[in-house]
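Participant: Right, I'll just put the structure down here and ask away after.
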Amino acid sequence: MPNIMLRIGSSLLLLIALSSCGTHQLKQAQDSFNEAARIESTVSLEDRQATGDPLTGDSQALNNYRVALALTDEALSDYADSLRSDQLYGTALMLKALSQWRIAALAEDARLEDVQQLVDDVERRAQSEDIVLGTRDQVLLKALPGLYEHELALSTRDPARADTLFSSAVNTLENSLEEVNPPADHPVRIYIRLAQLRIVRAWRWSQQSVRPEDLEERTEWNRAWNTRYKSYRDKLAPFLETNPGLRQRVEQIDKDFGFNPS
C-alpha cells in the first residue's frame with residue numbers, strides 16, 4: 001500500500017506558482033504528506049513481501065501525516081478566500097481526508113466505515129459550499145475506500161476475508177472511473193489501472209494457501225488468475241506504447257505476478 005500512497009502524494013497537488021499565503025501553506029502540507037508517503041514506501045521496500053506492500057506503523061510517517069493535517073486545517077481556516085480564488089479549496093479538503101485516513105490507518109484504529117465517512121464528508125461539504133473538485137480529486141476520493149480495502153486485505157491472514165476485500169477493492173476503483181468518467185487520456189486513469197494491477201497481484205498471492213493440489217485443477221486456477229490480471233492489464237495497453245516508464249512498471253508487476261504477455 002505505501003507505494004500506492006506515494007503516487008497519491010506525488011500527484012495530488014500541482015502547485016507551481018505560489019500566488020498566495022494559502023497556497024504556500026498548502027504546499028507545505030503537501031510536502032509533509034509526500035515525505036510521510038515516501039517513508040512508508042521506503043519501509044515497505046525494505047520489508048517487501050510477495051503479497052504486496054505491508055501496512056507499517058512507522059512513527060515518523062505518522063508524525064508527518066499529523067503535520068500535514070495540521071497545516072491543511074490551518075490553511076482551510078485562515079486562508080479560505082485565497083484558496084478559493086486559486087481554485088485549491090477542494091484540493092485542500094482532499095488532502096485533509098487523505099491525511100486523516102493515513103493517521104487512522106497507521107494508528108491501527110481505522111474502520112472501513114470511517115474511511116467512507118471521510119469521503120462522504122468531503123462530498124457533502126463540496127456540495128453545500130459550492131466547491132468544485134478537480135477530476136483527479138473526484139476519482140481519488142471515490143477510490144479511497146477501495147484503497148483501504150486493499151490495505152485491510154493485506155493485513156488479514158484469512159484467505160476468505162482477503163478474497164472478499166480484494167474483490168471489493170478492484171470493483172470500487174473501477175466504479176471510481178465509471179462514476180467520474182475522466183477523459184480517456186487523463187493521467188488518473190493510469191493511476192487507477194496500476195493500482196488495480198497491484199491489487200490483483202496481491203490478491204492472487206493471498207490465495208496461495210487454497211490453491212488446488214491436483215495438477216489439472218491448479219492449471220485451471222492459474223489460467224483463471226491470468227485471465228483476471230490480463231483484463232485489467234489490457235486497459236493500460238493504449239498507454240504502454242507511448243510511455244516507456246509506465247511500460248517498465250507494468251513489466252515489473254507482470255514479473256511479480258508471473259504473467260507472460262507474449
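Residue numbering restarts at 1 for every chain of the C-alpha cells, chains are lettered A, B, ... in their displayed order, and ligands are numbered from 1 as they appear.
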Find the residues near A:Leu147: any atom within 8 Å, counting only C-alpha atoms, skip ones fewer than 4 places away on the same chain, and give them as a CSV table (one decimal) with C-alpha atoms, in the first residue's frame.
Facilitator:
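Result written to selection_2.csv:
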chain,number,residue,atom,x,y,z
A,1,MET,CA,0.0,0.0,0.0
A,143,ALA,CA,-11.4,5.3,-4.9
A,151,GLU,CA,-4.9,-2.3,2.8
A,169,ALA,CA,-11.3,-3.1,-3.8
A,173,LEU,CA,-11.6,1.5,-8.1
Participant: Using 12 Å as the limit and counting only C-alpha atoms, can you tabulate each residue of stretch 75-168 of chain A that touches stretch 29-32 of chain A, with its shortest atom-to-atom distance in Å and the two atoms involved, as a tab-separated table?
Facilitator:
residue	atom	partner	partner_atom	distance
A:Ala75	CA	A:Ala29	CA	8.9
A:Leu76	CA	A:Ala29	CA	11.3
A:Thr91	CA	A:Gln30	CA	10.4
A:Ala92	CA	A:Ala29	CA	9.1
A:Leu93	CA	A:Ala29	CA	11.8
A:Met94	CA	A:Gln30	CA	11.0
A:Leu95	CA	A:Gln30	CA	7.6
A:Lys96	CA	A:Ala29	CA	9.2
A:Leu98	CA	A:Gln30	CA	10.7
A:Ser99	CA	A:Ala29	CA	9.5
Participant: Env of A:Val188: 12 Å cut, atoms = only C-alpha atoms, seq-sep filter 2 positions within chain, self excluded. Answer as a JSON list (two decimals) with C-alpha atoms, in the first residue's frame.
Facilitator:
[["chain", "number", "residue", "atom", "x", "y", "z"],
["A", 7, "ARG", "CA", 1.81, 8.01, -6.02],
["A", 8, "ILE", "CA", -1.23, 9.69, -4.48],
["A", 11, "SER", "CA", 0.10, 13.51, -7.96],
["A", 12, "LEU", "CA", -2.27, 15.19, -5.54],
["A", 134, "GLY", "CA", -10.96, 18.59, -9.91],
["A", 135, "THR", "CA", -11.29, 15.42, -11.97],
["A", 136, "ARG", "CA", -8.31, 13.78, -10.31],
["A", 137, "ASP", "CA", -9.58, 14.59, -6.82],
["A", 138, "GLN", "CA", -13.07, 13.29, -7.63],
["A", 139, "VAL", "CA", -11.69, 9.95, -8.79],
["A", 140, "LEU", "CA", -9.26, 9.54, -5.88],
["A", 141, "LEU", "CA", -11.97, 10.45, -3.39],
["A", 143, "ALA", "CA", -11.40, 5.29, -4.91],
["A", 173, "LEU", "CA", -11.62, 1.50, -8.10],
["A", 174, "GLU", "CA", -13.44, 0.53, -11.30],
["A", 176, "SER", "CA", -14.49, 5.48, -9.35],
["A", 177, "LEU", "CA", -13.62, 5.74, -13.05],
["A", 180, "VAL", "CA", -16.48, 10.35, -12.70],
["A", 181, "ASN", "CA", -15.65, 9.28, -16.28],
["A", 182, "PRO", "CA", -12.41, 11.25, -16.75],
["A", 183, "PRO", "CA", -11.14, 11.81, -20.32],
["A", 184, "ALA", "CA", -9.65, 8.71, -21.92],
["A", 185, "ASP", "CA", -6.13, 10.17, -21.76],
["A", 186, "HIS", "CA", -6.38, 11.56, -18.21],
["A", 190, "ILE", "CA", -3.23, 5.24, -15.44],
["A", 191, "TYR", "CA", -3.01, 5.60, -11.68],
["A", 192, "ILE", "CA", -6.20, 3.61, -11.06],
["A", 193, "ARG", "CA", -5.26, 0.87, -13.53],
["A", 194, "LEU", "CA", -1.82, 0.45, -11.95],
["A", 195, "ALA", "CA", -3.45, 0.25, -8.53],
["A", 236, "LEU", "CA", -3.45, 0.05, -19.82]]
Participant: Quick one: pull the distance between atom CA of A:Glu241 and atom CA of A:Val200, Å, one decimal.
Facilitator: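 Atom-to-atom, atom CA of A:Glu241 and atom CA of A:Val200 are spaced 22.5 Å apart.
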Participant: Please indicate the distance in Å from atom CA of A:Arg189 to atom CA of A:Asn226, rounded to one decimal place.
Facilitator: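 It comes out at 21.5 Å.
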Participant: Which neighbours of A:Val210 fall inside 12 Å, counting only C-alpha atoms, when residues of the same chain fewer than 5 positions from it are skipped, and could you give them as an NGL selection string?
Facilitator: :A and (158-160 or 162-163 or 204-205 or 217-218 or 221)
Participant: Would you list the contacts of stretch 62-71 of chain A as a VMD selection string, taking every protein, DNA or RNA residue within 10 Å and counting only C-alpha atoms, but skipping same-chain residues closer than 6 positions in sequence?
Facilitator: chain A and resid 25 to 37 39 to 40 56 77 92 95 to 107
Participant: Dump C-alpha atoms for the selected residues as a PDB file, in the first residue's frame?
Facilitator:
ATOM      1  CA  GLN A  25       0.610  26.814   3.427  1.00  0.00           C
ATOM      2  CA  LEU A  26      -0.997  24.056   1.366  1.00  0.00           C
ATOM      3  CA  LYS A  27       2.283  23.379  -0.423  1.00  0.00           C
ATOM      4  CA  GLN A  28       3.957  22.880   2.959  1.00  0.00           C
ATOM      5  CA  ALA A  29       1.190  20.443   3.921  1.00  0.00           C
ATOM      6  CA  GLN A  30       1.700  18.556   0.665  1.00  0.00           C
ATOM      7  CA  ASP A  31       5.451  18.356   1.258  1.00  0.00           C
ATOM      8  CA  SER A  32       4.868  16.853   4.699  1.00  0.00           C
ATOM      9  CA  PHE A  33       2.331  14.398   3.264  1.00  0.00           C
ATOM     10  CA  ASN A  34       4.709  13.370   0.476  1.00  0.00           C
ATOM     11  CA  GLU A  35       7.540  12.829   2.937  1.00  0.00           C
ATOM     12  CA  ALA A  36       5.314  10.607   5.071  1.00  0.00           C
ATOM     13  CA  ALA A  37       4.325   8.594   1.999  1.00  0.00           C
ATOM     14  CA  ILE A  39       8.851   6.936   4.439  1.00  0.00           C
ATOM     15  CA  GLU A  40       6.041   4.381   4.198  1.00  0.00           C
ATOM     16  CA  THR A  56       3.572  -0.098   8.607  1.00  0.00           C
ATOM     17  CA  SER A  77      -9.256  28.085   8.453  1.00  0.00           C
ATOM     18  CA  ALA A  92      -7.221  21.124   0.424  1.00  0.00           C
ATOM     19  CA  LEU A  95      -5.533  16.424   1.277  1.00  0.00           C
ATOM     20  CA  LYS A  96      -7.178  16.686   4.685  1.00  0.00           C
ATOM     21  CA  ALA A  97      -9.185  13.498   4.067  1.00  0.00           C
ATOM     22  CA  LEU A  98      -6.097  11.615   2.876  1.00  0.00           C
ATOM     23  CA  SER A  99      -4.086  12.754   5.892  1.00  0.00           C
ATOM     24  CA  GLN A 100      -6.868  11.703   8.261  1.00  0.00           C
ATOM     25  CA  TRP A 101      -7.022   8.311   6.550  1.00  0.00           C
ATOM     26  CA  ARG A 102      -3.298   7.639   6.893  1.00  0.00           C
ATOM     27  CA  ILE A 103      -3.224   8.800  10.523  1.00  0.00           C
ATOM     28  CA  ALA A 104      -6.055   6.422  11.398  1.00  0.00           C
ATOM     29  CA  ALA A 105      -4.509   3.583   9.393  1.00  0.00           C
ATOM     30  CA  LEU A 106      -1.048   3.907  10.938  1.00  0.00           C
ATOM     31  CA  ALA A 107      -2.559   4.222  14.400  1.00  0.00           C
TER      32      ALA A 107
END
Participant: Atom CA of A:Asn171 and atom CA of A:Glu123 are how many Å apart?
Facilitator: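 One can read the atom CA of A:Asn171 to atom CA of A:Glu123 distance as 20.1 Å.
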Participant: Residues within 9 Å of A:Val250, please, as a PDB file with N, CA and C atoms, in the first residue's frame. Count only C-alpha atoms; anything in the same chain fewer than 5 positions from it doesn't count.
Facilitator:
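Once written, out-v4.pdb looks like this:
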ATOM      1  N   LEU A 194      -2.996   1.000 -12.622  1.00  0.00           N
ATOM      2  CA  LEU A 194      -1.819   0.450 -11.952  1.00  0.00           C
ATOM      3  C   LEU A 194      -2.185  -0.060 -10.564  1.00  0.00           C
ATOM      4  N   LEU A 197      -3.831  -3.412 -10.906  1.00  0.00           N
ATOM      5  CA  LEU A 197      -2.868  -4.486 -11.169  1.00  0.00           C
ATOM      6  C   LEU A 197      -2.176  -4.925  -9.879  1.00  0.00           C
ATOM      7  N   ARG A 233      -4.873  -5.423 -17.133  1.00  0.00           N
ATOM      8  CA  ARG A 233      -3.672  -5.010 -17.858  1.00  0.00           C
ATOM      9  C   ARG A 233      -4.022  -4.470 -19.237  1.00  0.00           C
ATOM     10  N   LEU A 236      -4.613  -0.836 -19.782  1.00  0.00           N
ATOM     11  CA  LEU A 236      -3.451   0.052 -19.822  1.00  0.00           C
ATOM     12  C   LEU A 236      -2.762   0.022 -21.182  1.00  0.00           C
ATOM     13  N   LEU A 240       0.843   2.094 -23.053  1.00  0.00           N
ATOM     14  CA  LEU A 240       2.151   1.453 -22.911  1.00  0.00           C
ATOM     15  C   LEU A 240       3.117   1.797 -24.040  1.00  0.00           C
ATOM     16  N   GLY A 245       8.268   4.569 -19.339  1.00  0.00           N
ATOM     17  CA  GLY A 245       8.336   4.435 -17.893  1.00  0.00           C
ATOM     18  C   GLY A 245       7.189   3.605 -17.352  1.00  0.00           C
ATOM     19  N   LYS A 255       6.098  -9.494 -13.874  1.00  0.00           N
ATOM     20  CA  LYS A 255       7.097 -10.444 -13.373  1.00  0.00           C
ATOM     21  C   LYS A 255       6.736 -10.931 -11.974  1.00  0.00           C
TER      22      LYS A 255
END
Participant: Check stretch 138-254 of chain A with DSSP on the backbone and list each residue it calls alpha helix (DSSP H), as a PyMOL selection string.
Facilitator: chain A and resi 138-155+159-180+187-206+215-233+237-240+244-254
Participant: Take the selection from the previous step and output its residues with C-alpha atoms, as a short mmCIF file (atom, residue, chain, number, x, y, z; two decimals), in the first residue's frame.
Facilitator:
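Contents of result_15.cif, freshly written:
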data_model
loop_
_atom_site.label_atom_id
_atom_site.label_comp_id
_atom_site.auth_asym_id
_atom_site.auth_seq_id
_atom_site.Cartn_x
_atom_site.Cartn_y
_atom_site.Cartn_z
CA GLN A 138 -13.07 13.29 -7.63
CA VAL A 139 -11.69 9.95 -8.79
CA LEU A 140 -9.26 9.54 -5.88
CA LEU A 141 -11.97 10.45 -3.39
CA LYS A 142 -14.30 7.77 -4.70
CA ALA A 143 -11.40 5.29 -4.91
CA LEU A 144 -10.31 5.87 -1.31
CA PRO A 145 -12.49 3.17 0.31
CA GLY A 146 -11.16 0.66 -2.24
CA LEU A 147 -7.57 1.60 -1.48
CA TYR A 148 -8.28 1.00 2.20
CA GLU A 149 -9.95 -2.35 1.43
CA HIS A 150 -6.70 -3.31 -0.28
CA GLU A 151 -4.85 -2.32 2.85
CA LEU A 152 -7.16 -4.33 5.10
CA ALA A 153 -6.81 -7.34 2.81
CA LEU A 154 -3.02 -7.21 3.03
CA SER A 155 -3.17 -7.32 6.82
CA PRO A 159 -7.88 -16.13 2.70
CA ALA A 160 -11.68 -15.91 2.55
CA ARG A 161 -11.79 -12.41 4.05
CA ALA A 162 -8.86 -11.32 1.87
CA ASP A 163 -10.71 -12.62 -1.19
CA THR A 164 -13.78 -10.54 -0.31
CA LEU A 165 -11.77 -7.38 0.41
CA PHE A 166 -9.55 -7.59 -2.70
CA SER A 167 -12.57 -8.24 -4.93
CA SER A 168 -14.39 -5.24 -3.48
CA ALA A 169 -11.26 -3.09 -3.79
CA VAL A 170 -10.80 -3.59 -7.54
CA ASN A 171 -14.52 -3.05 -8.10
CA THR A 172 -14.52 0.16 -6.04
CA LEU A 173 -11.62 1.50 -8.10
CA GLU A 174 -13.44 0.53 -11.30
CA ASN A 175 -16.55 2.36 -10.11
CA SER A 176 -14.49 5.48 -9.35
CA LEU A 177 -13.62 5.74 -13.05
CA GLU A 178 -17.13 4.88 -14.23
CA GLU A 179 -18.81 7.44 -11.97
CA VAL A 180 -16.48 10.35 -12.70
CA PRO A 187 -3.41 10.51 -16.02
CA VAL A 188 -5.73 9.41 -13.20
CA ARG A 189 -6.82 6.51 -15.39
CA ILE A 190 -3.23 5.24 -15.44
CA TYR A 191 -3.01 5.60 -11.68
CA ILE A 192 -6.20 3.61 -11.06
CA ARG A 193 -5.26 0.87 -13.53
CA LEU A 194 -1.82 0.45 -11.95
CA ALA A 195 -3.45 0.25 -8.53
CA GLN A 196 -5.79 -2.46 -9.82
CA LEU A 197 -2.87 -4.49 -11.17
CA ARG A 198 -1.12 -4.29 -7.79
CA ILE A 199 -4.31 -5.31 -6.01
CA VAL A 200 -4.82 -8.33 -8.28
CA ARG A 201 -1.17 -9.31 -7.80
CA ALA A 202 -1.55 -9.25 -4.02
CA TRP A 203 -4.96 -10.91 -4.27
CA ARG A 204 -3.54 -13.93 -6.08
CA TRP A 205 -0.69 -14.39 -3.61
CA SER A 206 -3.15 -14.20 -0.69
CA LEU A 215 -2.31 -30.57 -11.27
CA GLU A 216 -5.19 -30.18 -13.71
CA GLU A 217 -7.21 -28.09 -11.28
CA ARG A 218 -4.16 -25.98 -10.41
CA THR A 219 -3.52 -25.33 -14.10
CA GLU A 220 -7.08 -24.08 -14.49
CA TRP A 221 -6.70 -21.99 -11.31
CA ASN A 222 -3.60 -20.31 -12.73
CA ARG A 223 -5.33 -19.73 -16.04
CA ALA A 224 -8.26 -18.04 -14.31
CA TRP A 225 -5.92 -15.72 -12.40
CA ASN A 226 -4.02 -14.83 -15.57
CA THR A 227 -7.32 -14.01 -17.28
CA ARG A 228 -8.35 -11.76 -14.40
CA TYR A 229 -4.98 -9.99 -14.37
CA LYS A 230 -4.99 -9.55 -18.16
CA SER A 231 -8.46 -7.98 -18.08
CA TYR A 232 -7.02 -5.05 -16.11
CA ARG A 233 -3.67 -5.01 -17.86
CA ALA A 237 -2.47 -1.10 -23.31
CA PRO A 238 -3.26 2.23 -25.04
CA PHE A 239 -0.69 3.97 -22.80
CA LEU A 240 2.15 1.45 -22.91
CA PRO A 244 8.29 3.70 -21.62
CA GLY A 245 8.34 4.43 -17.89
CA LEU A 246 4.83 3.07 -17.47
CA ARG A 247 5.69 0.03 -19.57
CA GLN A 248 8.66 -0.69 -17.32
CA ARG A 249 6.48 -0.51 -14.19
CA VAL A 250 3.87 -2.79 -15.71
CA GLU A 251 6.51 -5.30 -16.78
CA GLN A 252 7.79 -5.45 -13.20
CA ILE A 253 4.27 -6.13 -11.92
CA ASP A 254 3.94 -8.80 -14.64
#
Participant: Compile the contact shell of A:Asp130 as a PyMOL selection string: residues with an atom at most 12 Å away, counting only C-alpha atoms, same-chain residues fewer than 4 positions apart removed.
Facilitator: chain A and resi 84+87+89-90+122-126
Participant: Export, as a short mmCIF file (atom, residue, chain, number, x, y, z; two decimals), in the first residue's frame, the selected residues with N, CA and C atoms.
Facilitator:
data_model
loop_
_atom_site.label_atom_id
_atom_site.label_comp_id
_atom_site.auth_asym_id
_atom_site.auth_seq_id
_atom_site.Cartn_x
_atom_site.Cartn_y
_atom_site.Cartn_z
N ARG A 84 -9.86 29.56 -2.32
CA ARG A 84 -10.97 29.56 -3.27
C ARG A 84 -10.60 30.31 -4.54
N GLN A 87 -8.58 28.30 -6.67
CA GLN A 87 -9.27 27.05 -7.01
C GLN A 87 -8.56 25.83 -6.38
N TYR A 89 -9.36 25.08 -2.89
CA TYR A 89 -10.08 24.75 -1.66
C TYR A 89 -10.50 23.28 -1.66
N GLY A 90 -11.00 22.80 -2.79
CA GLY A 90 -11.39 21.39 -2.89
C GLY A 90 -10.20 20.47 -2.73
N VAL A 122 -16.36 15.00 2.69
CA VAL A 122 -15.80 15.88 1.67
C VAL A 122 -16.84 16.16 0.58
N GLU A 123 -17.53 15.13 0.13
CA GLU A 123 -18.52 15.31 -0.94
C GLU A 123 -19.67 16.21 -0.46
N ARG A 124 -20.10 16.02 0.78
CA ARG A 124 -21.20 16.83 1.32
C ARG A 124 -20.75 18.29 1.47
N ARG A 125 -19.54 18.49 1.95
CA ARG A 125 -19.05 19.86 2.14
C ARG A 125 -18.85 20.55 0.79
N ALA A 126 -18.33 19.80 -0.17
CA ALA A 126 -18.13 20.38 -1.50
C ALA A 126 -19.45 20.82 -2.11
#
Participant: May I ask which of the residues A:Val132, A:Gln117, A:Glu213, A:Phe259 is the closest one to A:Ser85, counting only C-alpha atoms?
Facilitator: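 Checking each candidate against A:Ser85, we get A:Val132 as the closest.
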